[in-house]
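Enquirer: Below you'll find the structure I mean.
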Amino acid sequence: VQLQASGGGVVQAGDSLLISCTASGSFSRFGAGWFRQAPGNKREFVASIRSDSLLYYAEPVKGRFSIYRDNTKNTVYLQMNSLKPEDTAIYYCAVGSRWPYPDDWWGRGTQVTVSS
């Protein structure tokens with residue numbers, strides 16, 4: 001499975017941004033997730049969605065971020081609202097069987113920068 005993330009950019013604190021990740025083939029039977037890595041930090045989990053649409057979020061993004069998927073388009077989305085400067089990172093999508101951290105296949109990442 002090859003993954004391509006897109007939609008990153010530079011926004012101001014409080015803004016919203018939608019990023020997406022499209023798989024090269026069907027991923028409906030796998031979980032999908034988003035992770036992020038800020039400069040100098042380790043990669044951390046953000047959110048995941050299972051094949052049956054069960055959701056799981058990291059505490060720092062609960063209530064602000066929403067993950068959803070469209071299996072007809074082989075795409076998983078991350079809607080990010082009320083963005084904060086600490087959300088600045090490279091966001092990576094991943095697909096796999098491990099729950100709640102699907103990590104068998106990884107995309108290249110998309111940069112999200114939130115200015116204060």
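So you can find residues: chains in the structure tokens are A, B, ... in the order shown, residues in each start at 1, and ligands are numbered from 1 in order.
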Would you please give, as a short mmCIF file (atom, residue, chain, number, x, y, z; two decimals) with all heavy atoms, in the first residue's frame, all residues of chain A that DSSP assigns to strand (DSSP E) based on the backbone?

Expert:
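Below is the file out.cif, written as the result:
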data_model
loop_
_atom_site.label_atom_id
_atom_site.label_comp_id
_atom_site.auth_asym_id
_atom_site.auth_seq_id
_atom_site.Cartn_x
_atom_site.Cartn_y
_atom_site.Cartn_z
N LEU A 3 0.91 5.41 0.25
CA LEU A 3 0.07 6.46 0.81
C LEU A 3 0.61 7.83 0.44
O LEU A 3 1.82 8.05 0.49
CB LEU A 3 0.02 6.33 2.34
CG LEU A 3 -0.46 5.00 2.88
CD1 LEU A 3 -0.22 4.91 4.37
CD2 LEU A 3 -1.94 4.79 2.56
N GLN A 4 -0.27 8.73 0.10
CA GLN A 4 0.11 10.08 -0.27
C GLN A 4 -0.72 11.06 0.54
O GLN A 4 -1.94 11.14 0.36
CB GLN A 4 -0.11 10.32 -1.75
CG GLN A 4 0.28 11.71 -2.22
CD GLN A 4 1.75 11.98 -2.07
OE1 GLN A 4 2.60 11.21 -2.55
NE2 GLN A 4 2.10 13.07 -1.40
N ALA A 5 -0.04 11.81 1.41
CA ALA A 5 -0.72 12.82 2.22
C ALA A 5 -0.68 14.17 1.52
O ALA A 5 0.27 14.48 0.80
CB ALA A 5 -0.07 12.91 3.59
N SER A 6 -1.70 14.96 1.77
CA SER A 6 -1.75 16.30 1.19
C SER A 6 -2.62 17.21 2.04
O SER A 6 -3.34 16.73 2.93
CB SER A 6 -2.30 16.24 -0.24
OG SER A 6 -3.62 15.73 -0.24
N GLY A 9 -0.24 23.09 5.32
CA GLY A 9 -0.01 24.48 5.00
C GLY A 9 0.29 25.29 6.23
O GLY A 9 0.53 24.75 7.31
N VAL A 10 0.28 26.60 6.04
CA VAL A 10 0.54 27.54 7.14
C VAL A 10 -0.76 28.23 7.49
O VAL A 10 -1.41 28.82 6.60
CB VAL A 10 1.60 28.57 6.74
CG1 VAL A 10 1.85 29.55 7.89
CG2 VAL A 10 2.90 27.89 6.32
N VAL A 11 -1.16 28.15 8.74
CA VAL A 11 -2.39 28.78 9.20
C VAL A 11 -2.11 29.52 10.50
O VAL A 11 -1.04 29.36 11.11
CB VAL A 11 -3.51 27.74 9.42
CG1 VAL A 11 -3.89 27.04 8.12
CG2 VAL A 11 -3.12 26.73 10.49
N GLN A 12 -3.08 30.30 10.93
CA GLN A 12 -2.94 31.02 12.19
C GLN A 12 -3.63 30.24 13.31
O GLN A 12 -4.52 29.42 13.07
CB GLN A 12 -3.55 32.41 12.07
CG GLN A 12 -2.78 33.32 11.13
CD GLN A 12 -3.30 34.74 11.16
OE1 GLN A 12 -4.46 34.98 11.45
NE2 GLN A 12 -2.43 35.70 10.88
N LEU A 17 -7.98 23.31 9.42
CA LEU A 17 -7.29 22.77 8.26
C LEU A 17 -7.71 21.32 8.09
O LEU A 17 -7.85 20.58 9.06
CB LEU A 17 -5.77 22.86 8.46
CG LEU A 17 -4.87 22.60 7.26
CD1 LEU A 17 -5.08 23.69 6.20
CD2 LEU A 17 -3.41 22.57 7.69
N LEU A 18 -7.90 20.92 6.84
CA LEU A 18 -8.23 19.54 6.52
C LEU A 18 -7.08 18.93 5.75
O LEU A 18 -6.68 19.45 4.71
CB LEU A 18 -9.51 19.48 5.68
CG LEU A 18 -9.92 18.10 5.18
CD1 LEU A 18 -10.34 17.21 6.34
CD2 LEU A 18 -11.06 18.21 4.16
N ILE A 19 -6.54 17.84 6.24
CA ILE A 19 -5.52 17.11 5.51
C ILE A 19 -6.07 15.75 5.13
O ILE A 19 -6.98 15.23 5.79
CB ILE A 19 -4.20 16.99 6.30
CG1 ILE A 19 -4.41 16.31 7.64
CG2 ILE A 19 -3.57 18.36 6.49
CD1 ILE A 19 -3.10 16.10 8.43
N SER A 20 -5.53 15.19 4.07
CA SER A 20 -6.05 13.93 3.58
C SER A 20 -4.91 13.00 3.19
O SER A 20 -3.77 13.44 2.98
CB SER A 20 -6.98 14.15 2.39
OG SER A 20 -6.28 14.75 1.31
N CYS A 21 -5.23 11.75 3.06
CA CYS A 21 -4.24 10.74 2.70
C CYS A 21 -4.93 9.69 1.84
O CYS A 21 -5.92 9.09 2.28
CB CYS A 21 -3.66 10.11 3.97
SG CYS A 21 -2.52 8.76 3.66
N THR A 22 -4.42 9.51 0.65
CA THR A 22 -5.02 8.57 -0.29
C THR A 22 -4.11 7.36 -0.48
O THR A 22 -2.90 7.51 -0.69
CB THR A 22 -5.27 9.26 -1.63
OG1 THR A 22 -6.16 10.36 -1.43
CG2 THR A 22 -5.90 8.29 -2.62
N ALA A 23 -4.72 6.19 -0.42
CA ALA A 23 -3.99 4.94 -0.60
C ALA A 23 -4.03 4.50 -2.05
O ALA A 23 -4.99 4.80 -2.77
CB ALA A 23 -4.60 3.86 0.30
N GLY A 31 -7.09 -0.57 9.53
CA GLY A 31 -7.21 0.68 10.25
C GLY A 31 -6.32 1.72 9.60
O GLY A 31 -5.37 1.40 8.88
N ALA A 32 -6.64 2.98 9.85
CA ALA A 32 -5.85 4.08 9.31
C ALA A 32 -5.64 5.10 10.42
O ALA A 32 -6.52 5.28 11.28
CB ALA A 32 -6.53 4.72 8.11
N GLY A 33 -4.51 5.76 10.38
CA GLY A 33 -4.24 6.71 11.45
C GLY A 33 -3.37 7.86 11.02
O GLY A 33 -2.79 7.85 9.91
N TRP A 34 -3.31 8.84 11.89
CA TRP A 34 -2.44 9.99 11.70
C TRP A 34 -1.48 10.08 12.88
O TRP A 34 -1.88 9.90 14.04
CB TRP A 34 -3.25 11.28 11.61
CG TRP A 34 -4.02 11.42 10.33
CD1 TRP A 34 -5.33 11.09 10.11
CD2 TRP A 34 -3.52 11.92 9.08
NE1 TRP A 34 -5.68 11.35 8.81
CE2 TRP A 34 -4.58 11.87 8.15
CE3 TRP A 34 -2.30 12.42 8.66
CZ2 TRP A 34 -4.45 12.29 6.83
CZ3 TRP A 34 -2.16 12.84 7.34
CH2 TRP A 34 -3.23 12.77 6.44
N PHE A 35 -0.25 10.39 12.56
CA PHE A 35 0.80 10.62 13.54
C PHE A 35 1.46 11.95 13.19
O PHE A 35 1.30 12.44 12.07
CB PHE A 35 1.84 9.49 13.50
CG PHE A 35 1.27 8.13 13.81
CD1 PHE A 35 0.49 7.44 12.88
CD2 PHE A 35 1.52 7.52 15.03
CE1 PHE A 35 -0.03 6.19 13.15
CE2 PHE A 35 1.01 6.27 15.32
CZ PHE A 35 0.23 5.61 14.38
N ARG A 36 2.21 12.51 14.12
CA ARG A 36 2.90 13.75 13.82
C ARG A 36 4.25 13.79 14.51
O ARG A 36 4.47 13.14 15.52
CB ARG A 36 2.06 14.96 14.23
CG ARG A 36 1.85 15.11 15.73
CD ARG A 36 0.86 16.24 16.01
NE ARG A 36 0.66 16.41 17.45
CZ ARG A 36 -0.24 17.25 17.97
NH1 ARG A 36 -1.02 17.99 17.17
NH2 ARG A 36 -0.35 17.37 19.27
N GLN A 37 5.12 14.59 13.92
CA GLN A 37 6.45 14.75 14.49
C GLN A 37 6.86 16.21 14.39
O GLN A 37 6.98 16.75 13.28
CB GLN A 37 7.46 13.87 13.78
CG GLN A 37 8.83 13.87 14.43
CD GLN A 37 9.73 12.77 13.89
OE1 GLN A 37 9.47 12.18 12.84
NE2 GLN A 37 10.78 12.46 14.62
N GLU A 44 4.58 11.09 17.30
CA GLU A 44 3.54 10.77 18.26
C GLU A 44 2.22 10.48 17.55
O GLU A 44 1.95 11.00 16.46
CB GLU A 44 3.35 11.91 19.27
CG GLU A 44 2.87 13.20 18.67
CD GLU A 44 2.63 14.28 19.73
OE1 GLU A 44 3.01 14.08 20.90
OE2 GLU A 44 2.05 15.32 19.38
N PHE A 45 1.41 9.70 18.21
CA PHE A 45 0.10 9.33 17.69
C PHE A 45 -0.86 10.51 17.80
O PHE A 45 -0.83 11.26 18.78
CB PHE A 45 -0.43 8.14 18.47
CG PHE A 45 -1.87 7.83 18.23
CD1 PHE A 45 -2.27 7.18 17.08
CD2 PHE A 45 -2.83 8.21 19.16
CE1 PHE A 45 -3.60 6.89 16.86
CE2 PHE A 45 -4.16 7.93 18.95
CZ PHE A 45 -4.56 7.27 17.80
N VAL A 46 -1.74 10.64 16.80
CA VAL A 46 -2.75 11.70 16.81
C VAL A 46 -4.16 11.11 16.85
O VAL A 46 -4.94 11.42 17.74
CB VAL A 46 -2.60 12.62 15.58
CG1 VAL A 46 -3.73 13.64 15.54
CG2 VAL A 46 -1.24 13.30 15.57
N ALA A 47 -4.48 10.28 15.88
CA ALA A 47 -5.84 9.75 15.79
C ALA A 47 -5.85 8.53 14.88
O ALA A 47 -5.00 8.41 13.99
CB ALA A 47 -6.81 10.81 15.26
N SER A 48 -6.82 7.66 15.09
CA SER A 48 -6.96 6.50 14.21
C SER A 48 -8.42 6.12 14.06
O SER A 48 -9.27 6.47 14.89
CB SER A 48 -6.15 5.32 14.73
OG SER A 48 -6.55 4.96 16.03
N ILE A 49 -8.68 5.41 12.96
CA ILE A 49 -10.03 4.94 12.67
C ILE A 49 -9.92 3.50 12.19
O ILE A 49 -9.13 3.19 11.29
CB ILE A 49 -10.73 5.85 11.63
CG1 ILE A 49 -12.14 5.36 11.35
CG2 ILE A 49 -9.91 5.97 10.35
CD1 ILE A 49 -12.99 6.38 10.57
N LEU A 55 -13.24 4.95 16.53
CA LEU A 55 -12.30 6.06 16.56
C LEU A 55 -11.46 6.04 17.83
O LEU A 55 -11.90 5.57 18.89
CB LEU A 55 -13.04 7.39 16.46
CG LEU A 55 -14.03 7.55 15.32
CD1 LEU A 55 -14.74 8.89 15.44
CD2 LEU A 55 -13.33 7.43 13.98
N TYR A 56 -10.27 6.62 17.72
CA TYR A 56 -9.40 6.74 18.89
C TYR A 56 -8.55 7.99 18.71
O TYR A 56 -7.99 8.21 17.63
CB TYR A 56 -8.51 5.51 19.01
CG TYR A 56 -7.72 5.43 20.29
CD1 TYR A 56 -8.35 5.20 21.50
CD2 TYR A 56 -6.33 5.55 20.29
CE1 TYR A 56 -7.62 5.12 22.68
CE2 TYR A 56 -5.60 5.47 21.45
CZ TYR A 56 -6.24 5.25 22.65
OH TYR A 56 -5.52 5.18 23.80
N TYR A 57 -8.47 8.82 19.76
CA TYR A 57 -7.75 10.08 19.68
C TYR A 57 -6.74 10.21 20.81
O TYR A 57 -6.97 9.75 21.92
CB TYR A 57 -8.72 11.27 19.77
CG TYR A 57 -9.66 11.40 18.61
CD1 TYR A 57 -10.95 10.89 18.68
CD2 TYR A 57 -9.27 12.05 17.44
CE1 TYR A 57 -11.83 11.02 17.61
CE2 TYR A 57 -10.13 12.19 16.37
CZ TYR A 57 -11.42 11.67 16.47
OH TYR A 57 -12.27 11.80 15.40
N PHE A 65 -9.83 17.73 16.85
CA PHE A 65 -9.55 17.01 15.61
C PHE A 65 -10.59 15.91 15.39
O PHE A 65 -11.09 15.31 16.35
CB PHE A 65 -8.17 16.37 15.65
CG PHE A 65 -7.01 17.32 15.61
CD1 PHE A 65 -7.18 18.69 15.77
CD2 PHE A 65 -5.72 16.84 15.42
CE1 PHE A 65 -6.11 19.57 15.73
CE2 PHE A 65 -4.63 17.69 15.38
CZ PHE A 65 -4.83 19.06 15.54
N SER A 66 -10.88 15.66 14.10
CA SER A 66 -11.79 14.57 13.75
C SER A 66 -11.17 13.77 12.61
O SER A 66 -10.76 14.35 11.59
CB SER A 66 -13.14 15.12 13.31
OG SER A 66 -13.81 15.76 14.37
N ILE A 67 -11.15 12.46 12.76
CA ILE A 67 -10.66 11.60 11.71
C ILE A 67 -11.85 10.89 11.08
O ILE A 67 -12.79 10.49 11.78
CB ILE A 67 -9.62 10.58 12.25
CG1 ILE A 67 -9.03 9.76 11.10
CG2 ILE A 67 -10.23 9.68 13.32
CD1 ILE A 67 -7.87 8.87 11.54
N TYR A 68 -11.83 10.77 9.76
CA TYR A 68 -12.88 10.01 9.09
C TYR A 68 -12.31 9.45 7.80
O TYR A 68 -11.23 9.86 7.36
CB TYR A 68 -14.13 10.85 8.84
CG TYR A 68 -13.95 12.10 8.01
CD1 TYR A 68 -14.28 12.11 6.65
CD2 TYR A 68 -13.51 13.27 8.58
CE1 TYR A 68 -14.15 13.25 5.89
CE2 TYR A 68 -13.36 14.43 7.82
CZ TYR A 68 -13.70 14.42 6.48
OH TYR A 68 -13.56 15.57 5.72
N ARG A 69 -13.03 8.51 7.22
CA ARG A 69 -12.52 7.84 6.03
C ARG A 69 -13.61 7.71 4.98
O ARG A 69 -14.80 7.66 5.30
CB ARG A 69 -11.96 6.46 6.40
CG ARG A 69 -12.99 5.48 6.95
CD ARG A 69 -12.31 4.29 7.62
NE ARG A 69 -11.56 3.49 6.66
CZ ARG A 69 -10.68 2.56 7.02
NH1 ARG A 69 -10.44 2.34 8.30
NH2 ARG A 69 -10.04 1.85 6.10
N ASP A 70 -13.18 7.63 3.74
CA ASP A 70 -14.08 7.37 2.62
C ASP A 70 -13.47 6.19 1.86
O ASP A 70 -12.53 6.37 1.07
CB ASP A 70 -14.21 8.60 1.73
CG ASP A 70 -15.21 8.41 0.61
OD1 ASP A 70 -15.55 7.24 0.29
OD2 ASP A 70 -15.65 9.41 0.03
N THR A 75 -9.42 6.98 0.96
CA THR A 75 -8.87 8.19 1.56
C THR A 75 -9.28 8.31 3.02
O THR A 75 -10.43 8.02 3.37
CB THR A 75 -9.34 9.43 0.77
OG1 THR A 75 -8.87 9.34 -0.58
CG2 THR A 75 -8.76 10.71 1.39
N VAL A 76 -8.33 8.75 3.83
CA VAL A 76 -8.61 9.07 5.23
C VAL A 76 -8.30 10.54 5.43
O VAL A 76 -7.36 11.08 4.84
CB VAL A 76 -7.77 8.19 6.19
CG1 VAL A 76 -6.28 8.34 5.96
CG2 VAL A 76 -8.13 8.46 7.64
N TYR A 77 -9.12 11.19 6.23
CA TYR A 77 -9.03 12.62 6.44
C TYR A 77 -8.77 12.95 7.91
O TYR A 77 -9.14 12.16 8.80
CB TYR A 77 -10.33 13.31 6.01
CG TYR A 77 -10.74 13.05 4.59
CD1 TYR A 77 -11.54 11.96 4.27
CD2 TYR A 77 -10.35 13.90 3.57
CE1 TYR A 77 -11.93 11.72 2.96
CE2 TYR A 77 -10.74 13.68 2.26
CZ TYR A 77 -11.53 12.59 1.96
OH TYR A 77 -11.91 12.36 0.66
N LEU A 78 -8.19 14.11 8.13
CA LEU A 78 -8.05 14.63 9.48
C LEU A 78 -8.49 16.08 9.45
O LEU A 78 -7.80 16.94 8.87
CB LEU A 78 -6.62 14.51 10.00
CG LEU A 78 -6.43 14.91 11.45
CD1 LEU A 78 -7.13 13.90 12.38
CD2 LEU A 78 -4.95 14.99 11.83
N GLN A 79 -9.64 16.33 10.04
CA GLN A 79 -10.14 17.70 10.17
C GLN A 79 -9.60 18.28 11.47
O GLN A 79 -9.87 17.74 12.54
CB GLN A 79 -11.67 17.72 10.18
CG GLN A 79 -12.28 19.09 10.43
CD GLN A 79 -12.01 20.05 9.29
OE1 GLN A 79 -12.23 19.75 8.14
NE2 GLN A 79 -11.53 21.26 9.63
N MET A 80 -8.85 19.35 11.36
CA MET A 80 -8.21 19.96 12.52
C MET A 80 -8.81 21.34 12.75
O MET A 80 -8.72 22.21 11.88
CB MET A 80 -6.69 20.06 12.29
CG MET A 80 -6.04 18.72 12.00
SD MET A 80 -4.26 18.82 11.77
CE MET A 80 -4.20 19.63 10.17
N ALA A 89 3.77 20.53 13.07
CA ALA A 89 4.50 19.27 12.92
C ALA A 89 4.35 18.78 11.48
O ALA A 89 3.56 19.33 10.71
CB ALA A 89 3.94 18.21 13.87
N ILE A 90 5.11 17.76 11.18
CA ILE A 90 4.85 17.01 9.96
C ILE A 90 3.85 15.92 10.32
O ILE A 90 4.07 15.17 11.28
CB ILE A 90 6.13 16.39 9.39
CG1 ILE A 90 7.14 17.48 9.03
CG2 ILE A 90 5.81 15.54 8.16
CD1 ILE A 90 8.49 16.94 8.58
N TYR A 91 2.78 15.86 9.57
CA TYR A 91 1.73 14.88 9.83
C TYR A 91 1.86 13.72 8.85
O TYR A 91 1.90 13.93 7.63
CB TYR A 91 0.35 15.54 9.71
CG TYR A 91 0.02 16.37 10.92
CD1 TYR A 91 0.68 17.58 11.17
CD2 TYR A 91 -0.93 15.95 11.84
CE1 TYR A 91 0.39 18.33 12.30
CE2 TYR A 91 -1.23 16.70 12.97
CZ TYR A 91 -0.56 17.88 13.19
OH TYR A 91 -0.84 18.63 14.31
N TYR A 92 1.91 12.52 9.40
CA TYR A 92 2.05 11.31 8.61
C TYR A 92 0.79 10.47 8.73
O TYR A 92 0.23 10.32 9.82
CB TYR A 92 3.22 10.48 9.12
CG TYR A 92 4.56 11.16 9.02
CD1 TYR A 92 5.05 11.93 10.08
CD2 TYR A 92 5.37 11.00 7.90
CE1 TYR A 92 6.29 12.56 9.99
CE2 TYR A 92 6.60 11.60 7.81
CZ TYR A 92 7.06 12.38 8.86
OH TYR A 92 8.29 12.99 8.77
N CYS A 93 0.38 9.90 7.62
CA CYS A 93 -0.70 8.93 7.68
C CYS A 93 -0.11 7.53 7.64
O CYS A 93 0.99 7.32 7.11
CB CYS A 93 -1.70 9.13 6.54
SG CYS A 93 -1.02 8.95 4.90
N ALA A 94 -0.84 6.61 8.20
CA ALA A 94 -0.40 5.21 8.23
C ALA A 94 -1.61 4.30 8.15
O ALA A 94 -2.71 4.68 8.55
CB ALA A 94 0.40 4.94 9.50
N VAL A 95 -1.38 3.12 7.66
CA VAL A 95 -2.43 2.12 7.51
C VAL A 95 -1.89 0.78 8.02
O VAL A 95 -0.71 0.49 7.86
CB VAL A 95 -2.85 1.99 6.02
CG1 VAL A 95 -3.74 0.78 5.81
CG2 VAL A 95 -3.53 3.25 5.55
N GLY A 96 -2.76 0.01 8.64
CA GLY A 96 -2.29 -1.28 9.11
C GLY A 96 -3.31 -2.03 9.93
O GLY A 96 -4.46 -1.59 10.07
N TRP A 105 2.08 0.50 6.97
CA TRP A 105 2.50 1.29 5.81
C TRP A 105 2.40 2.77 6.16
O TRP A 105 1.45 3.20 6.81
CB TRP A 105 1.63 0.99 4.59
CG TRP A 105 1.69 -0.42 4.14
CD1 TRP A 105 2.64 -1.01 3.36
CD2 TRP A 105 0.74 -1.46 4.45
NE1 TRP A 105 2.35 -2.34 3.17
CE2 TRP A 105 1.19 -2.65 3.82
CE3 TRP A 105 -0.43 -1.50 5.19
CZ2 TRP A 105 0.51 -3.85 3.91
CZ3 TRP A 105 -1.11 -2.68 5.29
CH2 TRP A 105 -0.65 -3.84 4.64
N TRP A 106 3.37 3.53 5.67
CA TRP A 106 3.44 4.96 6.00
C TRP A 106 3.49 5.81 4.75
O TRP A 106 4.09 5.43 3.74
CB TRP A 106 4.71 5.24 6.81
CG TRP A 106 4.68 4.66 8.18
CD1 TRP A 106 5.05 3.40 8.54
CD2 TRP A 106 4.25 5.33 9.38
NE1 TRP A 106 4.87 3.24 9.89
CE2 TRP A 106 4.39 4.40 10.44
CE3 TRP A 106 3.77 6.60 9.66
CZ2 TRP A 106 4.06 4.72 11.76
CZ3 TRP A 106 3.45 6.92 10.97
CH2 TRP A 106 3.59 5.99 11.99
N THR A 110 2.92 15.49 5.54
CA THR A 110 2.60 16.82 5.06
C THR A 110 2.81 17.81 6.21
O THR A 110 2.45 17.53 7.35
CB THR A 110 1.15 16.88 4.52
OG1 THR A 110 0.89 18.17 3.96
CG2 THR A 110 0.12 16.57 5.59
N GLN A 111 3.43 18.94 5.90
CA GLN A 111 3.79 19.92 6.93
C GLN A 111 2.58 20.78 7.30
O GLN A 111 1.93 21.35 6.43
CB GLN A 111 4.92 20.82 6.43
CG GLN A 111 5.31 21.93 7.39
CD GLN A 111 6.02 21.42 8.62
OE1 GLN A 111 6.94 20.61 8.53
NE2 GLN A 111 5.60 21.88 9.80
N VAL A 112 2.35 20.89 8.59
CA VAL A 112 1.33 21.80 9.13
C VAL A 112 2.03 22.77 10.06
O VAL A 112 2.70 22.35 11.01
CB VAL A 112 0.23 21.03 9.88
CG1 VAL A 112 -0.73 22.02 10.56
CG2 VAL A 112 -0.53 20.12 8.93
N THR A 113 1.90 24.06 9.77
CA THR A 113 2.52 25.09 10.59
C THR A 113 1.45 26.04 11.09
O THR A 113 0.68 26.58 10.29
CB THR A 113 3.57 25.87 9.79
OG1 THR A 113 4.57 24.97 9.29
CG2 THR A 113 4.24 26.92 10.67
N VAL A 114 1.40 26.21 12.41
CA VAL A 114 0.41 27.08 13.02
C VAL A 114 1.15 28.24 13.67
O VAL A 114 1.95 28.06 14.58
CB VAL A 114 -0.42 26.34 14.08
CG1 VAL A 114 -1.52 27.25 14.62
CG2 VAL A 114 -1.03 25.07 13.50
N SER A 115 0.88 29.44 13.17
CA SER A 115 1.54 30.63 13.71
C SER A 115 0.68 31.26 14.79
O SER A 115 -0.54 31.21 14.74
CB SER A 115 1.81 31.63 12.59
OG SER A 115 0.60 32.04 12.00
#

Enquirer: Set the distance at 8 Å and use only C-alpha atoms: which residues neighbour Asn74 (chain A) once local chain neighbours fewer than 6 positions away are removed? I'd like the list as a PyMOL selection string.

Expert: chain A and resi 22-28

Enquirer: Determine the nearest neighbour of Gly63 (chain A) from the options A:Arg108, A:Ser51, A:Asn81, A:Tyr101, counting only C-alpha atoms.

Expert: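 Checking each of A:Arg108, A:Ser51, A:Asn81, A:Tyr101 against Gly63 (chain A), counting only C-alpha atoms, the winner is A:Asn81.
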
Enquirer: Restricting the calculation to only C-alpha atoms: of A:Ala13, A:Arg98, A:Phe30, A:Thr72, which residue gets closest to Val1 (chain A)?

Expert: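 Checking each of A:Ala13, A:Arg98, A:Phe30, A:Thr72 against Val1 (chain A), counting only C-alpha atoms, the winner is A:Phe30.
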
Enquirer: So how far away is CA of Ser82 (chain A) from CA of Ser16 (chain A), in Å?

Expert: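 Separating CA of Ser16 (chain A) from CA of Ser82 (chain A) is a distance of 6.1 Å.
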
Enquirer: Using only C-alpha atoms, find the one residue out of A:Ser116, A:Thr88, A:Asn71, A:Gln2 that sits nearest to Ser53 (chain A).

Expert: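 Answer, going by the shortest atom-to-atom distance: A:Asn71.
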
Enquirer: Go through A:Gly107, A:Asp87, A:Asp52, A:Pro100 and flag the residue nearest Ala38 (chain A), using only C-alpha atoms for the distances.

Expert: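 Looking only at the distances to Ala38 (chain A), the closest residue turns out to be A:Asp87.
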